[in-house]
Amino acid sequence: MSLSDLRPVPSESLQFRFPRKFDDVAEERRHRMERLAAALRLFGRFGFEEGVAGHITARDPEHTDHFWVNPFGMSFKHVRVSDLILVNHQGEVVEGARPVNQAAFAIHSMVHQARPDAVAAAHSHSLHGKALSALGQMVEPLTQDACAFYEDHGLFDDYTGVVLDVEEGRRIARALGSHKAVILRNHGLLTVGDSVDAAAWWFITMERSCQAQLLAKAAGQVVPITHENAKLTHGQIGNDLVGWINFQPLYDQISRTDPDLFD
């Protein structure tokens with residue numbers, strides 16, 4: 001074929017994915033569980049787990065006061081769809097064969113209750129999130145990626161030990177507010193989204209933004225992005241659809257390398 005014969009492909013013929021819509025609740029439940037298992041495998045691959053700490057939850061599409069979560073004591077790297085447990089609003093396991101992490105219930109139950117728009121929430125003790133949280137600092141607009149969190153994350157500025165009380169979870173939910181993320185001082189990061197994909201992506205990119213901020217400040221005098229440009233960039237990359245889109249290559253990768261996660 002000669003280059004002179006080439007013509008632009010009509011935009012309507014180009015393939016681009018968008019979040020699926022569901023008419024069947026069972027199909028939607030399975031979809032969320034698959035995305036949840038994939039997100040957990042990715043967290044394991046990225047080294048976000050610390051022993052038994054860390055959890056990602058997905059609200060059940062039918063029983064909306066229940067959520068699916070990884071079982072207590074299982075490595076992120078091993079979680080399959082069949083390992084996920086369903087927890088009710090009282091912290092009782094109603095589906096599955098393993099116990100729930102009580103910290104997961106104390107935090108996530110209150111976050112899901114306070115944020116009916118949040119389909120999923122992700123929390124773990126990732127290295128750079130922990131490091132930034134120990135400084136009691138926020139994510140600053142030092143890079144394009146960090147602008148996704150500009151004026152869109154909170155700080156829970158009160159560490160009182162392992163979160164086992166729902167009242168503590170309620171206070172964390174208040175610190176989160178209407179934002180996509182909250183930094184838990186001396187603890188780590190928590191993100192939410194209107195899909196498992198978005199919540200997981202926000203955690204992944206927030207952890208990397210924490211790393212970039214720590215590296216940049218250790219290297220010398222930083223040059224922050226201006227308020228106007230940080231706000232503009234947040235409007236371009238800070239919504240949950242963009243979060244969902246960014247997660248898709250990672251989902252494709254883990255679903256190919258770890259097909260057993262669907263068991």
# chains A, B, ... in the order shown; residues from 1 in each chain; ligands from 1
>>> select_by_dssp(residues="segment 26-119 of chain A", states="strand (DSSP E)", output="count of residues only")
14
>>> residues_around(residues="Asp197 of chain A", least_positions_apart="3", cutoff="8 Å", atoms="only C-alpha atoms", output="PDB file with N, CA and C atoms, in the first residue's frame")
ATOM      1  N   ARG A  35     -13.001  -7.447  39.212  1.00  0.00           N
ATOM      2  CA  ARG A  35     -12.166  -6.251  39.278  1.00  0.00           C
ATOM      3  C   ARG A  35     -11.501  -6.136  40.649  1.00  0.00           C
ATOM      4  N   ALA A  39      -7.538  -6.034  41.284  1.00  0.00           N
ATOM      5  CA  ALA A  39      -6.914  -4.910  41.984  1.00  0.00           C
ATOM      6  C   ALA A  39      -6.044  -5.406  43.134  1.00  0.00           C
ATOM      7  N   GLY A 193     -13.709   5.488  44.826  1.00  0.00           N
ATOM      8  CA  GLY A 193     -14.091   5.755  43.450  1.00  0.00           C
ATOM      9  C   GLY A 193     -15.467   5.201  43.145  1.00  0.00           C
ATOM     10  N   ALA A 200      -8.901   1.838  42.823  1.00  0.00           N
ATOM     11  CA  ALA A 200      -7.580   1.206  42.788  1.00  0.00           C
ATOM     12  C   ALA A 200      -6.574   2.097  42.077  1.00  0.00           C
ATOM     13  N   TRP A 201      -6.971   2.698  40.955  1.00  0.00           N
ATOM     14  CA  TRP A 201      -6.039   3.561  40.237  1.00  0.00           C
ATOM     15  C   TRP A 201      -5.647   4.767  41.080  1.00  0.00           C
ATOM     16  N   GLY A 243      -9.874   7.932  35.970  1.00  0.00           N
ATOM     17  CA  GLY A 243      -9.299   6.907  36.828  1.00  0.00           C
ATOM     18  C   GLY A 243      -9.580   5.515  36.295  1.00  0.00           C
ATOM     19  N   TRP A 244     -10.814   5.278  35.867  1.00  0.00           N
ATOM     20  CA  TRP A 244     -11.210   3.986  35.300  1.00  0.00           C
ATOM     21  C   TRP A 244     -10.375   3.677  34.050  1.00  0.00           C
ATOM     22  N   PHE A 247      -6.832   2.549  34.682  1.00  0.00           N
ATOM     23  CA  PHE A 247      -6.702   1.222  35.278  1.00  0.00           C
ATOM     24  C   PHE A 247      -6.748   0.110  34.241  1.00  0.00           C
ATOM     25  N   GLN A 248      -7.323   0.370  33.062  1.00  0.00           N
ATOM     26  CA  GLN A 248      -7.573  -0.699  32.094  1.00  0.00           C
ATOM     27  C   GLN A 248      -6.305  -1.421  31.621  1.00  0.00           C
TER      28      GLN A 248
END
>>> residues_around(residues="Ile107 of chain A", least_positions_apart="2", cutoff="9 Å", atoms="only C-alpha atoms", output="mmCIF file with C-alpha atoms, in the first residue's frame")
data_model
loop_
_atom_site.group_PDB
_atom_site.id
_atom_site.type_symbol
_atom_site.label_atom_id
_atom_site.label_comp_id
_atom_site.auth_asym_id
_atom_site.auth_seq_id
_atom_site.Cartn_x
_atom_site.Cartn_y
_atom_site.Cartn_z
ATOM 1 C CA GLN A 102 -11.810 -5.897 61.781
ATOM 2 C CA ALA A 103 -9.920 -2.766 60.752
ATOM 3 C CA ALA A 104 -11.316 -3.202 57.235
ATOM 4 C CA PHE A 105 -14.840 -3.242 58.628
ATOM 5 C CA SER A 109 -18.167 0.376 56.598
ATOM 6 C CA MET A 110 -18.184 4.012 57.694
ATOM 7 C CA VAL A 111 -16.685 5.243 54.429
ATOM 8 C CA HIS A 112 -19.288 3.376 52.371
ATOM 9 C CA VAL A 163 -8.560 1.277 63.831
ATOM 10 C CA LEU A 164 -10.901 -1.254 65.438
ATOM 11 C CA ASP A 165 -13.752 1.056 66.454
ATOM 12 C CA VAL A 166 -16.393 2.196 63.962
ATOM 13 C CA GLU A 167 -16.351 5.628 65.603
ATOM 14 C CA GLU A 168 -12.757 5.996 64.434
ATOM 15 C CA GLY A 169 -13.885 4.908 60.983
ATOM 16 C CA ARG A 170 -16.591 7.562 61.119
ATOM 17 C CA ILE A 172 -11.869 9.030 58.949
ATOM 18 C CA ALA A 173 -14.936 9.272 56.704
#
>>> closest_residue(among="A:Val139, A:Gly235, A:His125, A:Arg115", to="His179 of chain A", atoms="only C-alpha atoms")
A:Arg115
>>> closest_residue(among="A:Leu142, A:Leu127, A:Leu84, A:Val25", to="Glu50 of chain A", atoms="only C-alpha atoms")
A:Leu127
>>> select_by_dssp(residues="segment 68-114 of chain A", states="alpha helix (DSSP H)", output="list in words")
Gln102, Ala103, Ala104, Phe105, Ala106, Ile107, His108, Ser109, Met110, Val111, His112, Gln113 and Ala114 of chain A
